[in-house]
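Q: File follows, input.tsv with TSV, C-alpha atoms:
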```tsv
chain	number	residue	atom	x	y	z
A	1	MET	CA	5.33	-26.50	-14.65
A	2	SER	CA	3.08	-29.41	-14.86
A	3	TRP	CA	1.11	-29.48	-18.04
A	4	HIS	CA	3.58	-29.60	-20.89
A	5	PRO	CA	7.11	-30.15	-22.08
A	6	LEU	CA	8.87	-26.91	-21.15
A	7	PRO	CA	9.99	-24.90	-24.25
A	8	ARG	CA	12.17	-22.41	-22.95
A	9	ARG	CA	20.44	-8.21	0.23
A	10	ALA	CA	33.54	8.42	19.96
A	11	HIS	CA	32.31	9.07	22.99
A	12	GLY	CA	29.56	11.43	24.22
A	13	LEU	CA	27.33	13.50	21.99
A	14	PHE	CA	30.14	14.54	19.62
A	15	GLY	CA	31.29	10.96	19.26
A	16	ALA	CA	27.76	9.78	18.58
A	17	LEU	CA	27.43	12.47	15.90
A	18	LEU	CA	30.66	11.37	14.26
A	19	SER	CA	29.51	7.77	14.36
A	20	SER	CA	26.18	8.65	12.77
A	21	LEU	CA	27.96	10.63	10.05
A	22	ALA	CA	30.24	7.67	9.37
A	23	ILE	CA	27.28	5.34	9.00
A	24	LEU	CA	25.51	7.82	6.73
A	25	THR	CA	28.61	8.12	4.56
A	26	ALA	CA	28.83	4.36	4.29
A	27	LEU	CA	25.17	4.13	3.34
A	28	LEU	CA	25.56	6.71	0.61
A	29	CYS	CA	28.76	5.32	-0.81
A	30	SER	CA	28.70	1.59	-0.31
A	31	ALA	CA	25.75	0.34	-2.33
A	32	PRO	CA	26.88	-1.18	-5.61
A	33	ALA	CA	25.26	-0.11	-8.82
A	34	ALA	CA	22.20	-2.23	-9.41
A	35	GLN	CA	21.75	-4.14	-12.61
A	36	ALA	CA	19.35	-2.33	-14.89
A	37	ASP	CA	15.96	-3.98	-15.09
A	38	THR	CA	15.36	-5.82	-18.36
A	39	SER	CA	11.94	-6.03	-19.97
A	40	ILE	CA	11.17	-9.23	-21.91
A	41	CYS	CA	8.07	-9.64	-24.07
A	42	GLU	CA	9.42	-12.20	-26.54
A	43	GLN	CA	7.63	-15.53	-26.25
A	44	PHE	CA	10.68	-17.47	-25.11
A	45	GLY	CA	12.96	-14.51	-24.33
A	46	SER	CA	15.46	-14.78	-21.49
A	47	THR	CA	18.27	-12.91	-19.75
A	48	THR	CA	20.91	-13.57	-17.08
A	49	ILE	CA	20.79	-12.08	-13.58
A	50	GLN	CA	23.54	-12.00	-10.94
A	51	GLY	CA	25.79	-13.55	-13.56
A	52	ARG	CA	24.52	-16.99	-12.57
A	53	TYR	CA	20.76	-17.47	-13.05
A	54	ILE	CA	18.50	-17.23	-16.08
A	55	VAL	CA	15.12	-15.48	-16.13
A	56	GLN	CA	12.80	-16.68	-18.91
A	57	ASN	CA	9.42	-15.44	-20.16
A	58	ASN	CA	8.37	-18.89	-21.44
A	59	ARG	CA	4.90	-18.07	-22.78
A	60	TRP	CA	3.77	-21.23	-24.49
A	61	GLY	CA	0.04	-21.77	-23.85
A	62	THR	CA	-1.44	-18.61	-25.39
A	63	SER	CA	-0.84	-16.19	-28.24
A	64	GLN	CA	-1.69	-13.22	-26.01
A	65	THR	CA	1.05	-10.85	-24.88
A	66	GLN	CA	3.02	-11.60	-21.75
A	67	CYS	CA	5.84	-9.33	-20.54
A	68	ILE	CA	8.14	-9.72	-17.58
A	69	THR	CA	10.81	-7.48	-16.08
A	70	ALA	CA	13.97	-9.16	-14.86
A	71	THR	CA	15.48	-7.50	-11.79
A	72	ASP	CA	18.81	-8.10	-10.09
A	73	SER	CA	17.11	-10.48	-7.63
A	74	GLY	CA	14.32	-12.07	-9.68
A	75	PHE	CA	11.49	-10.89	-11.93
A	76	ARG	CA	7.91	-9.60	-12.02
A	77	ILE	CA	5.12	-10.03	-14.53
A	78	THR	CA	4.25	-6.62	-16.00
A	79	GLN	CA	1.67	-7.70	-18.58
A	80	ALA	CA	-0.34	-10.91	-18.80
A	81	ASP	CA	-3.11	-10.63	-21.37
A	82	GLY	CA	-5.87	-13.14	-21.91
A	83	SER	CA	-7.00	-16.24	-20.07
A	84	VAL	CA	-7.31	-19.98	-20.65
A	85	PRO	CA	-9.72	-22.54	-19.16
A	86	THR	CA	-8.81	-23.53	-15.62
A	87	ASN	CA	-9.37	-27.23	-16.35
A	88	GLY	CA	-6.52	-27.27	-18.85
A	89	ALA	CA	-2.94	-26.12	-19.20
A	90	PRO	CA	-1.80	-22.69	-17.94
A	91	LYS	CA	-0.73	-19.84	-20.20
A	92	SER	CA	2.96	-19.94	-19.38
A	93	TYR	CA	5.67	-20.54	-16.83
A	94	PRO	CA	7.76	-17.36	-16.40
A	95	SER	CA	10.58	-18.35	-14.08
A	96	VAL	CA	14.15	-18.00	-12.85
A	97	TYR	CA	16.39	-21.04	-12.80
A	98	ASN	CA	19.73	-22.69	-12.13
A	99	GLY	CA	20.65	-25.44	-14.54
A	100	CYS	CA	19.81	-26.24	-18.14
A	101	HIS	CA	16.53	-25.70	-19.97
A	102	TYR	CA	16.29	-26.61	-23.66
A	103	THR	CA	20.08	-26.13	-24.12
A	104	ASN	CA	19.99	-22.74	-22.36
A	105	CYS	CA	22.26	-23.34	-19.33
A	106	SER	CA	22.83	-20.83	-16.54
A	107	PRO	CA	26.42	-19.52	-16.30
A	108	GLY	CA	28.75	-21.70	-14.20
A	109	THR	CA	26.03	-24.15	-13.24
A	110	ALA	CA	26.95	-27.51	-11.71
A	111	LEU	CA	23.89	-29.08	-13.35
A	112	PRO	CA	23.22	-31.64	-14.61
A	113	ALA	CA	24.57	-33.54	-11.58
A	114	GLN	CA	24.02	-37.17	-10.65
A	115	LEU	CA	21.75	-37.50	-7.63
A	116	SER	CA	24.15	-39.82	-5.82
A	117	SER	CA	26.87	-37.14	-5.99
A	118	ILE	CA	24.78	-34.32	-4.49
A	119	ALA	CA	25.32	-33.90	-0.73
A	120	ALA	CA	22.82	-31.03	-0.51
A	121	ALA	CA	21.09	-28.54	-2.77
A	122	PRO	CA	20.11	-25.57	-0.58
A	123	THR	CA	17.82	-23.04	-2.17
A	124	GLY	CA	15.86	-19.92	-1.18
A	125	ILE	CA	12.85	-18.30	-2.77
A	126	SER	CA	10.63	-15.29	-1.99
A	127	TYR	CA	7.38	-14.70	-3.87
A	128	GLY	CA	5.11	-11.67	-4.29
A	129	TYR	CA	1.45	-12.56	-4.81
A	130	VAL	CA	-1.69	-10.86	-6.18
A	131	ASN	CA	-5.41	-11.54	-5.67
A	132	ASP	CA	-6.88	-10.68	-9.08
A	133	ALA	CA	-5.54	-13.71	-10.92
A	134	VAL	CA	-5.81	-17.48	-11.20
A	135	TYR	CA	-2.40	-19.09	-10.85
A	136	ASP	CA	-0.05	-21.31	-8.91
A	137	ALA	CA	3.38	-20.33	-7.59
A	138	ALA	CA	5.52	-23.37	-8.32
A	139	TYR	CA	9.09	-24.43	-7.69
A	140	ASP	CA	10.07	-27.04	-10.28
A	141	ILE	CA	12.71	-29.74	-9.91
A	142	TRP	CA	13.60	-31.71	-13.05
A	143	LEU	CA	15.09	-35.22	-13.06
A	144	ASP	CA	16.21	-37.48	-15.89
A	145	PRO	CA	18.03	-40.80	-16.33
A	146	THR	CA	20.61	-38.99	-18.49
A	147	PRO	CA	22.54	-35.70	-18.02
A	148	ARG	CA	20.51	-34.08	-20.78
A	149	THR	CA	20.48	-30.34	-21.31
A	150	ASP	CA	17.71	-30.33	-23.90
A	151	GLY	CA	14.17	-31.56	-24.26
A	152	VAL	CA	11.72	-32.99	-21.76
A	153	ASN	CA	12.96	-34.70	-18.61
A	154	ARG	CA	11.43	-37.91	-17.32
A	155	THR	CA	10.21	-36.67	-13.92
A	156	GLU	CA	9.06	-33.28	-12.72
A	157	ILE	CA	8.68	-32.42	-9.02
A	158	MET	CA	6.47	-29.41	-8.34
A	159	ILE	CA	6.28	-27.55	-5.01
A	160	TRP	CA	3.18	-25.37	-4.96
A	161	PHE	CA	3.90	-22.45	-2.60
A	162	ASP	CA	0.49	-20.92	-3.34
A	163	LYS	CA	-2.53	-21.29	-5.58
A	164	VAL	CA	-5.45	-18.98	-6.29
A	165	GLY	CA	-8.58	-20.15	-8.10
A	166	PRO	CA	-9.94	-23.56	-9.16
A	167	VAL	CA	-6.68	-25.11	-10.37
A	168	GLN	CA	-4.98	-28.31	-9.27
A	169	PRO	CA	-1.87	-30.33	-10.07
A	170	VAL	CA	-1.65	-33.07	-12.68
A	171	GLY	CA	-3.11	-36.39	-11.60
A	172	SER	CA	-4.82	-36.96	-8.29
A	173	GLN	CA	-4.08	-36.59	-4.62
A	174	VAL	CA	-2.38	-39.71	-3.24
A	175	GLY	CA	-2.04	-38.63	0.40
A	176	THR	CA	-0.21	-36.18	2.60
A	177	SER	CA	3.42	-36.08	3.71
A	178	THR	CA	5.81	-34.10	5.88
A	179	VAL	CA	8.81	-32.98	3.82
A	180	ALA	CA	11.52	-30.52	4.95
A	181	GLY	CA	9.56	-29.87	8.13
A	182	ARG	CA	6.30	-28.88	6.39
A	183	GLN	CA	3.05	-30.68	5.74
A	184	TRP	CA	1.96	-31.14	2.11
A	185	GLN	CA	-0.82	-32.57	0.02
A	186	VAL	CA	0.84	-35.03	-2.37
A	187	TRP	CA	-0.38	-35.45	-5.96
A	188	SER	CA	0.89	-37.82	-8.60
A	189	GLY	CA	0.19	-38.14	-12.31
A	190	ASN	CA	1.50	-37.91	-15.87
A	191	ASN	CA	0.89	-35.10	-18.36
A	192	GLY	CA	1.59	-37.21	-21.41
A	193	SER	CA	5.25	-36.24	-21.60
A	194	ASN	CA	6.61	-36.84	-18.11
A	195	ASP	CA	5.68	-38.01	-14.63
A	196	VAL	CA	4.67	-35.26	-12.22
A	197	LEU	CA	4.95	-35.44	-8.42
A	198	SER	CA	3.43	-32.38	-6.74
A	199	PHE	CA	3.55	-31.09	-3.17
A	200	VAL	CA	0.84	-28.54	-2.43
A	201	ALA	CA	1.09	-26.25	0.62
A	202	PRO	CA	-2.19	-26.05	2.58
A	203	SER	CA	-1.69	-22.28	2.90
A	204	ALA	CA	0.45	-19.77	1.04
A	205	ILE	CA	4.20	-19.69	1.67
A	206	SER	CA	5.75	-16.35	0.71
A	207	SER	CA	9.39	-17.08	1.55
A	208	TRP	CA	11.28	-20.26	2.39
A	209	ASN	CA	14.76	-21.80	2.38
A	210	PHE	CA	14.99	-25.57	2.00
A	211	ASP	CA	17.03	-28.43	0.56
A	212	VAL	CA	15.91	-29.57	-2.88
A	213	MET	CA	17.20	-33.06	-2.10
A	214	ASP	CA	14.48	-33.58	0.52
A	215	PHE	CA	11.96	-33.57	-2.31
A	216	VAL	CA	14.19	-35.53	-4.68
A	217	ARG	CA	14.39	-38.32	-2.11
A	218	GLN	CA	10.59	-38.40	-2.08
A	219	ALA	CA	10.57	-39.05	-5.82
A	220	VAL	CA	13.13	-41.82	-5.44
A	221	SER	CA	11.23	-43.47	-2.60
A	222	ARG	CA	8.05	-43.44	-4.72
A	223	GLY	CA	9.76	-45.08	-7.70
A	224	LEU	CA	9.70	-41.95	-9.89
A	225	ALA	CA	13.50	-41.57	-10.01
A	226	GLN	CA	16.70	-43.43	-9.09
A	227	ASN	CA	19.91	-42.31	-7.41
A	228	SER	CA	21.72	-42.89	-10.70
A	229	TRP	CA	19.53	-40.24	-12.36
A	230	TYR	CA	20.47	-36.57	-12.81
A	231	LEU	CA	19.16	-33.29	-11.47
A	232	THR	CA	19.10	-31.03	-14.53
A	233	SER	CA	17.51	-27.79	-13.29
A	234	VAL	CA	15.61	-26.08	-10.49
A	235	GLN	CA	13.16	-23.36	-11.45
A	236	ALA	CA	10.94	-20.92	-9.52
A	237	GLY	CA	8.04	-19.10	-11.11
A	238	PHE	CA	4.31	-18.97	-11.80
A	239	GLU	CA	1.74	-20.80	-13.88
A	240	PRO	CA	-1.01	-18.23	-14.63
A	241	TRP	CA	-4.37	-19.18	-16.13
A	242	GLN	CA	-6.03	-15.77	-15.83
A	243	ASN	CA	-4.27	-12.39	-15.55
A	244	GLY	CA	-1.07	-12.55	-13.45
A	245	THR	CA	0.21	-9.00	-13.71
A	246	GLY	CA	2.12	-8.11	-10.53
A	247	LEU	CA	3.19	-11.62	-9.60
A	248	ALA	CA	6.89	-11.58	-8.70
A	249	VAL	CA	9.84	-13.66	-7.63
A	250	THR	CA	11.60	-11.16	-5.37
A	251	SER	CA	14.63	-13.31	-4.60
A	252	PHE	CA	16.08	-16.65	-5.67
A	253	SER	CA	19.19	-18.62	-4.74
A	254	SER	CA	20.36	-22.12	-5.59
A	255	THR	CA	23.46	-24.10	-4.62
A	256	ILE	CA	24.51	-27.59	-5.64
A	257	ASP	CA	26.92	-29.18	-3.12
A	258	THR	CA	28.64	-32.22	-4.57
A	259	GLY	CA	30.87	-32.82	-1.55
A	260	GLY	CA	34.48	-32.62	-2.65
A	261	SER	CA	33.78	-29.93	-5.22
A	262	PRO	CA	30.83	-27.84	-4.19
A	263	GLY	CA	29.11	-26.96	-7.36
A	264	GLY	CA	27.09	-23.92	-7.93
A	265	PRO	CA	27.07	-20.81	-9.98
A	266	GLY	CA	29.93	-18.34	-9.55
A	267	ASN	CA	33.62	-18.57	-8.78
A	268	SER	CA	33.64	-18.97	-5.00
A	269	SER	CA	35.83	-21.33	-3.02
A	270	ALA	CA	35.48	-22.57	0.57
A	271	CYS	CA	34.16	-19.96	2.99
A	272	THR	CA	33.17	-19.24	6.59
A	273	VAL	CA	30.74	-16.63	7.90
A	274	SER	CA	30.58	-14.96	11.33
A	275	TYR	CA	27.30	-13.25	12.18
A	276	GLY	CA	27.48	-11.06	15.29
A	277	THR	CA	24.39	-9.27	16.54
A	278	THR	CA	23.33	-6.59	19.01
A	279	VAL	CA	19.65	-6.99	19.87
A	280	TRP	CA	17.13	-4.79	21.66
A	281	GLN	CA	13.36	-4.88	21.87
A	282	GLY	CA	12.07	-4.77	18.31
A	283	GLY	CA	15.42	-4.03	16.68
A	284	PHE	CA	18.92	-5.32	16.02
A	285	THR	CA	22.18	-4.78	14.18
A	286	ALA	CA	24.17	-7.51	12.47
A	287	ASP	CA	27.90	-7.45	11.75
A	288	VAL	CA	28.80	-10.04	9.12
A	289	ALA	CA	32.30	-11.18	8.14
A	290	VAL	CA	32.86	-13.48	5.15
A	291	THR	CA	36.20	-15.31	5.04
A	292	ASN	CA	37.50	-16.87	1.84
A	293	SER	CA	39.12	-20.09	3.08
A	294	GLY	CA	40.29	-21.09	-0.39
A	295	SER	CA	43.62	-20.63	-2.16
A	296	SER	CA	42.24	-18.34	-4.89
A	297	PRO	CA	40.69	-14.86	-4.61
A	298	VAL	CA	36.97	-14.38	-5.07
A	299	SER	CA	36.30	-11.52	-7.48
A	300	GLY	CA	32.78	-10.18	-7.15
A	301	TRP	CA	30.80	-11.77	-4.33
A	302	LYS	CA	27.22	-12.37	-3.31
A	303	LEU	CA	26.33	-13.85	0.07
A	304	ALA	CA	22.91	-15.47	0.24
A	305	PHE	CA	21.06	-16.20	3.48
A	306	ALA	CA	17.52	-16.22	4.81
A	307	LEU	CA	16.36	-13.81	7.48
A	308	PRO	CA	14.05	-15.57	9.95
A	309	ALA	CA	10.36	-14.70	9.73
A	310	GLY	CA	9.44	-11.30	11.18
A	311	GLN	CA	12.81	-9.67	10.48
A	312	GLN	CA	13.20	-6.68	8.14
A	313	ILE	CA	16.34	-4.81	7.06
A	314	THR	CA	16.07	-1.01	7.40
A	315	HIS	CA	19.53	0.01	6.18
A	316	ALA	CA	22.94	-1.52	5.45
A	317	TRP	CA	26.58	-0.57	4.97
A	318	ASN	CA	29.51	-1.98	2.98
A	319	ALA	CA	27.16	-4.10	0.85
A	320	GLY	CA	23.86	-3.87	-0.98
A	321	LEU	CA	21.17	-6.16	0.43
A	322	THR	CA	18.04	-7.18	-1.48
A	323	PRO	CA	15.28	-7.77	-0.73
A	324	SER	CA	14.74	-6.43	2.83
A	325	SER	CA	13.29	-9.69	4.19
A	326	GLY	CA	13.10	-13.40	3.44
A	327	ALA	CA	15.80	-14.89	1.20
A	328	VAL	CA	18.36	-12.06	1.13
A	329	THR	CA	21.42	-11.54	-1.06
A	330	ALA	CA	24.27	-9.25	0.06
A	331	SER	CA	26.31	-7.94	-2.90
A	332	ASN	CA	29.78	-6.41	-2.71
A	333	ALA	CA	30.40	-2.67	-2.92
A	334	THR	CA	32.77	-1.38	-5.57
A	335	TYR	CA	35.63	-1.01	-3.08
A	336	ASN	CA	35.42	-4.50	-1.52
A	337	ALA	CA	34.59	-6.60	-4.55
A	338	GLU	CA	37.56	-8.94	-4.15
A	339	ILE	CA	38.15	-11.24	-1.20
A	340	PRO	CA	41.78	-12.44	-1.31
A	341	ALA	CA	42.68	-16.03	-0.59
A	342	HIS	CA	42.32	-16.45	3.19
A	343	GLY	CA	41.05	-12.85	3.29
A	344	LYS	CA	37.86	-11.34	4.62
A	345	ALA	CA	35.05	-8.97	3.62
A	346	SER	CA	32.75	-7.38	6.19
A	347	PHE	CA	29.40	-5.63	6.05
A	348	GLY	CA	26.54	-4.88	8.38
A	349	PHE	CA	22.94	-3.85	8.59
A	350	GLN	CA	20.24	-2.69	10.99
A	351	GLY	CA	16.77	-4.15	11.15
A	352	THR	CA	13.55	-4.69	13.01
A	353	TYR	CA	11.90	-7.88	14.22
A	354	VAL	CA	8.72	-9.21	15.76
A	355	GLY	CA	8.40	-12.28	17.96
A	356	ALA	CA	11.47	-14.17	19.13
A	357	PHE	CA	14.82	-13.11	17.64
A	358	ALA	CA	16.91	-15.68	15.81
A	359	LYS	CA	19.93	-15.73	13.51
A	360	PRO	CA	20.07	-17.15	9.99
A	361	THR	CA	21.17	-20.77	9.90
A	362	GLY	CA	22.71	-21.08	6.44
A	363	PHE	CA	24.90	-18.99	4.13
A	364	SER	CA	26.26	-19.45	0.61
A	365	LEU	CA	28.93	-17.41	-1.18
A	366	ASN	CA	28.46	-17.20	-4.94
A	367	GLY	CA	26.43	-20.38	-4.73
A	368	THR	CA	28.81	-22.35	-2.50
A	369	ALA	CA	27.64	-23.30	0.99
A	370	CYS	CA	29.65	-21.63	3.79
A	371	THR	CA	30.36	-22.75	7.34
A	372	ALA	CA	28.83	-20.53	10.05
A	373	VAL	CA	31.27	-19.84	12.91
```
Represent the supplied structure as C-alpha cells.
A:
Amino acid sequence: MSWHPLPRRAHGLFGALLSSLAILTALLCSAPAAQADTSICEQFGSTTIQGRYIVQNNRWGTSQTQCITATDSGFRITQADGSVPTNGAPKSYPSVYNGCHYTNCSPGTALPAQLSSIAAAPTGISYGYVNDAVYDAAYDIWLDPTPRTDGVNRTEIMIWFDKVGPVQPVGSQVGTSTVAGRQWQVWSGNNGSNDVLSFVAPSAISSWNFDVMDFVRQAVSRGLAQNSWYLTSVQAGFEPWQNGTGLAVTSFSSTIDTGGSPGGPGNSSACTVSYGTTVWQGGFTADVAVTNSGSSPVSGWKLAFALPAGQQITHAWNAGLTPSSGAVTASNATYNAEIPAHGKASFGFQGTYVGAFAKPTGFSLNGTACTAV
C-alpha cells in the first residue's frame, strides 16, 4: 500500500467401468477437509491460513465497516462501506502476506532476510476483480536497512496488477521498464513515511507467478535500497477507495530461497517433482509425484505451482487442489499427509485447456522450491 505507514489446488468395457469407479471413489474420499472460512470485521483483525500466511483486514483510512472472509487459499471482501476521495489515500489494504507486519509475523517465515542472502523469492498470486468499485490490486514488497519486524519500512515496492477508476501511485511516472518479462509503467515518489517505487501493468493481470527479487533489484539499481538491506514482508491485496465488495485474492504463495537453507513457511526439506501428462485435443491428465529428498519426514504438505494460461482443473484425486486455475495449491489427503524421508506422495488431476499445451515450470513444497525432473 502506498499512502501510509501500514498498521496492521482393466481391460474392455468392464475394466473401464472398474477404472471409472476407482477414480470416483478416490474423488469422494481423497479431498482433505477444508479450513473453515473465517469472517473478520475488526479494524486490524487477522488470521492464519495454510498454517503459514496471515490474512489481515487492515482498515485504516475510514471509520466505515469493512469485512473480509479468509479462505484456505486467500480472502475476499464481503463488506466495504463508504468511500474516500480518489485524490487521497485509500480506505484500507486488506491483504495476505508472508513475513512480518507490525510485529505480527507469519508462522515459520524466513523473513526478514538480507537481500544478499536471497537466491530467489518465487511467488504466485491470483486475483478476482469487480467493476463497481474504485481500487488497485497491489502486490507490496517491503525493504528496510534493518531486520525490523515492526513499524514502517524505508522502501515500498508496489506492483499494480490492476486499477479501476481515477487513481494513481504515489509520486509521478518516471518511465517504463521491462521486469520479469512484462512491460510496466514506473512511478516513483514518497508518501511522507517511506519511498515508494511502483510498477503499473498497462492492462489487468489476473494471475501470475514471478520472482520478487526481479523487482527488488530494480529498487537497488535506482538507489532506493542496497544489497545489505532486508526483505521484511511480501503482501498481496487491494487498496479500495470506493466500494470493493467481491474483490478477492483466490490464491497466494511465497517462498524465500536463501541458498544453503531454503527459507519459507512450513517444515519441508529438499524435494523433486515429476509431472507426467497425457494430452488430447482440449483436455489432459496430469500425474504428479512429489519426492522428499531430505533426511526428515514432511508432515502435512502443500505443493504450489502455476497452471499455464488457458488450463482449468475439472477434478482431482489423492489431493485437494485449489483454485482450479492460475496459481494452484495441492494439499494432502488425510491418508497421505506424511512423506517419509526419501519417500514419495502422488496425486493426479484432469483438466481442459485452450491454445498450446504446456507444463508448469516451477513447484514449491511447503514454501521450499523443488526441482522438476
Q: Figure out the distance between CA of Val249 (chain A) and CA of Thr65 (chain A), please, to one decimal in Å.
A: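 Between CA of Thr65 (chain A) and CA of Val249 (chain A) the gap is 19.6 Å.
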Q: I'd like the neighbourhood of Met213 (chain A) as JSON, numbers by chain, where a residue qualifies if any of its atoms comes within 8 Å (using all atoms listed in the file), though same-chain residues fewer than 3 positions away should be ignored.
A: {"A": [120, 121, 216, 217]}
Q: Within 8 Å of region 312-327 of chain A, counting all atoms listed in the file, which residues qualify if same-chain residues fewer than 4 places away don't, as a ChimeraX atom specification?
A: /A:9,23,26-27,30-32,73,124-126,207-209,250-253,304-308,331-333,336,346-353
Q: Restricting it to C-alpha atoms, dump the selection as a PDB file, keeping the file's coordinate frame.
A:
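Final output, saved to result.pdb:
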```
ATOM      1  CA  ARG A   9      20.440  -8.210   0.230  1.00  0.00           C
ATOM      2  CA  ILE A  23      27.280   5.340   9.000  1.00  0.00           C
ATOM      3  CA  ALA A  26      28.830   4.360   4.290  1.00  0.00           C
ATOM      4  CA  LEU A  27      25.170   4.130   3.340  1.00  0.00           C
ATOM      5  CA  SER A  30      28.700   1.590  -0.310  1.00  0.00           C
ATOM      6  CA  ALA A  31      25.750   0.340  -2.330  1.00  0.00           C
ATOM      7  CA  PRO A  32      26.880  -1.180  -5.610  1.00  0.00           C
ATOM      8  CA  SER A  73      17.110 -10.480  -7.630  1.00  0.00           C
ATOM      9  CA  GLY A 124      15.860 -19.920  -1.180  1.00  0.00           C
ATOM     10  CA  ILE A 125      12.850 -18.300  -2.770  1.00  0.00           C
ATOM     11  CA  SER A 126      10.630 -15.290  -1.990  1.00  0.00           C
ATOM     12  CA  SER A 207       9.390 -17.080   1.550  1.00  0.00           C
ATOM     13  CA  TRP A 208      11.280 -20.260   2.390  1.00  0.00           C
ATOM     14  CA  ASN A 209      14.760 -21.800   2.380  1.00  0.00           C
ATOM     15  CA  THR A 250      11.600 -11.160  -5.370  1.00  0.00           C
ATOM     16  CA  SER A 251      14.630 -13.310  -4.600  1.00  0.00           C
ATOM     17  CA  PHE A 252      16.080 -16.650  -5.670  1.00  0.00           C
ATOM     18  CA  SER A 253      19.190 -18.620  -4.740  1.00  0.00           C
ATOM     19  CA  ALA A 304      22.910 -15.470   0.240  1.00  0.00           C
ATOM     20  CA  PHE A 305      21.060 -16.200   3.480  1.00  0.00           C
ATOM     21  CA  ALA A 306      17.520 -16.220   4.810  1.00  0.00           C
ATOM     22  CA  LEU A 307      16.360 -13.810   7.480  1.00  0.00           C
ATOM     23  CA  PRO A 308      14.050 -15.570   9.950  1.00  0.00           C
ATOM     24  CA  SER A 331      26.310  -7.940  -2.900  1.00  0.00           C
ATOM     25  CA  ASN A 332      29.780  -6.410  -2.710  1.00  0.00           C
ATOM     26  CA  ALA A 333      30.400  -2.670  -2.920  1.00  0.00           C
ATOM     27  CA  ASN A 336      35.420  -4.500  -1.520  1.00  0.00           C
ATOM     28  CA  SER A 346      32.750  -7.380   6.190  1.00  0.00           C
ATOM     29  CA  PHE A 347      29.400  -5.630   6.050  1.00  0.00           C
ATOM     30  CA  GLY A 348      26.540  -4.880   8.380  1.00  0.00           C
ATOM     31  CA  PHE A 349      22.940  -3.850   8.590  1.00  0.00           C
ATOM     32  CA  GLN A 350      20.240  -2.690  10.990  1.00  0.00           C
ATOM     33  CA  GLY A 351      16.770  -4.150  11.150  1.00  0.00           C
ATOM     34  CA  THR A 352      13.550  -4.690  13.010  1.00  0.00           C
ATOM     35  CA  TYR A 353      11.900  -7.880  14.220  1.00  0.00           C
TER      36      TYR A 353
END
```
Q: With 12 Å as the threshold, what does the neighbourhood of (25.1, -11.0, -12.8) contain in terms of residues, counting only C-alpha atoms? Coordinates are those of the file; answer as a list in words.
A: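 It turns out the residues near that spot are Ala33, Ala34, Gln35, Ala36, Asp37, Thr47, Thr48, Ile49, Gln50, Gly51, Arg52, Tyr53, Ile54, Val55, Ala70, Thr71, Asp72, Ser73, Gly74, Ser106, Pro107, Gly108, Pro265, Gly266, Gly300, Trp301, Lys302, Ser331 and Asn366 of chain A.
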Q: Closest to Asp132 (chain A) among A:Ala236, A:Val354, A:Val164, A:Val212, using only C-alpha atoms?
A: A:Val164
Q: Find the residue from A:Thr245, A:Ser254, A:Asn191, A:Thr291 that sits nearest to Gln66 (chain A); use only C-alpha atoms when measuring.
A: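 Using only C-alpha atoms, Gln66 (chain A) sits closest to A:Thr245.
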Q: Take CA of Asp211 (chain A) and CA of Asn153 (chain A) and report the distance between them in Å, one decimal.
A: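 Spanning CA of Asp211 (chain A) to CA of Asn153 (chain A) is a straight-line distance of 20.6 Å.
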Q: So what do you get for CA of Glu156 (chain A) versus CA of Gln173 (chain A), distance-wise?
A: 15.8 Å
Q: Which polymer residues have any atom within 10 Å of an atom of Gln114 (chain A), counting all atoms listed in the file, with same-chain residues fewer than 3 positions away left out, as a PyMOL selection string?
A: chain A and resi 111+117-118+143-147+226-232+258
Q: Return as AutoDock Vina command-line options the centre and edge lengths, in Å with one decimal, of the box along x, y and z that encloses every atom of region 122-138 of chain A in the file, padded by 6 Å per side.
A:
```
--center_x 6.6 --center_y -18.1 --center_z -5.9 --size_x 39.0 --size_y 26.9 --size_z 22.6
```
Q: Out of A:Ala270, A:Gly282, A:Cys370, A:Gly223, which residue has the shortest atom-to-atom distance to His342 (chain A) when counting all atoms listed in the file?
A: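 Nearest to His342 (chain A): A:Ala270.
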Q: Calculated over all atoms listed in the file, which of the candidates A:Lys91, A:Arg182, A:His101, A:Arg222 has the smallest distance to Val196 (chain A)?
A: A:Arg222
Q: If I put a ball of radius 6 Å at (2.4, -21.9, -6.6) in the file's coordinates, which residues poke into it when counting all atoms listed in the file, written as an MDAnalysis selection string?
A: chainID A and resid 136:138 160:163
Q: Could you name the residues that touch Asp195 (chain A) at 8 Å or less, counting only C-alpha atoms, but leaving out those on the same chain fewer than 4 positions away, as an MDAnalysis selection string?
A: chainID A and resid 154:156 188:191 224
Q: List the spatial neighbours of Ser299 (chain A) as a VMD selection string - criterion: any atom at most 12 Å away, only C-alpha atoms, same-chain residues fewer than 6 positions off excluded.
A: chain A and resid 266 to 269 292 331 to 341 343 345 365 to 366
Q: Which residue gives the smallest distance to Asn58 (chain A) among A:Ala89, A:Leu115, A:Val96, A:Ala289, with all atoms listed in the file counted?
A: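 That would be A:Val96, the residue with the smallest distance to Asn58 (chain A).
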Q: Using only C-alpha atoms, pick whichever of A:Gly151, A:Gly355, A:Gly181, A:Gly165 has the shortest atom-to-atom distance to Asn194 (chain A).
A: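 Of A:Gly151, A:Gly355, A:Gly181, A:Gly165, the one nearest Asn194 (chain A), counting only C-alpha atoms, is A:Gly151.
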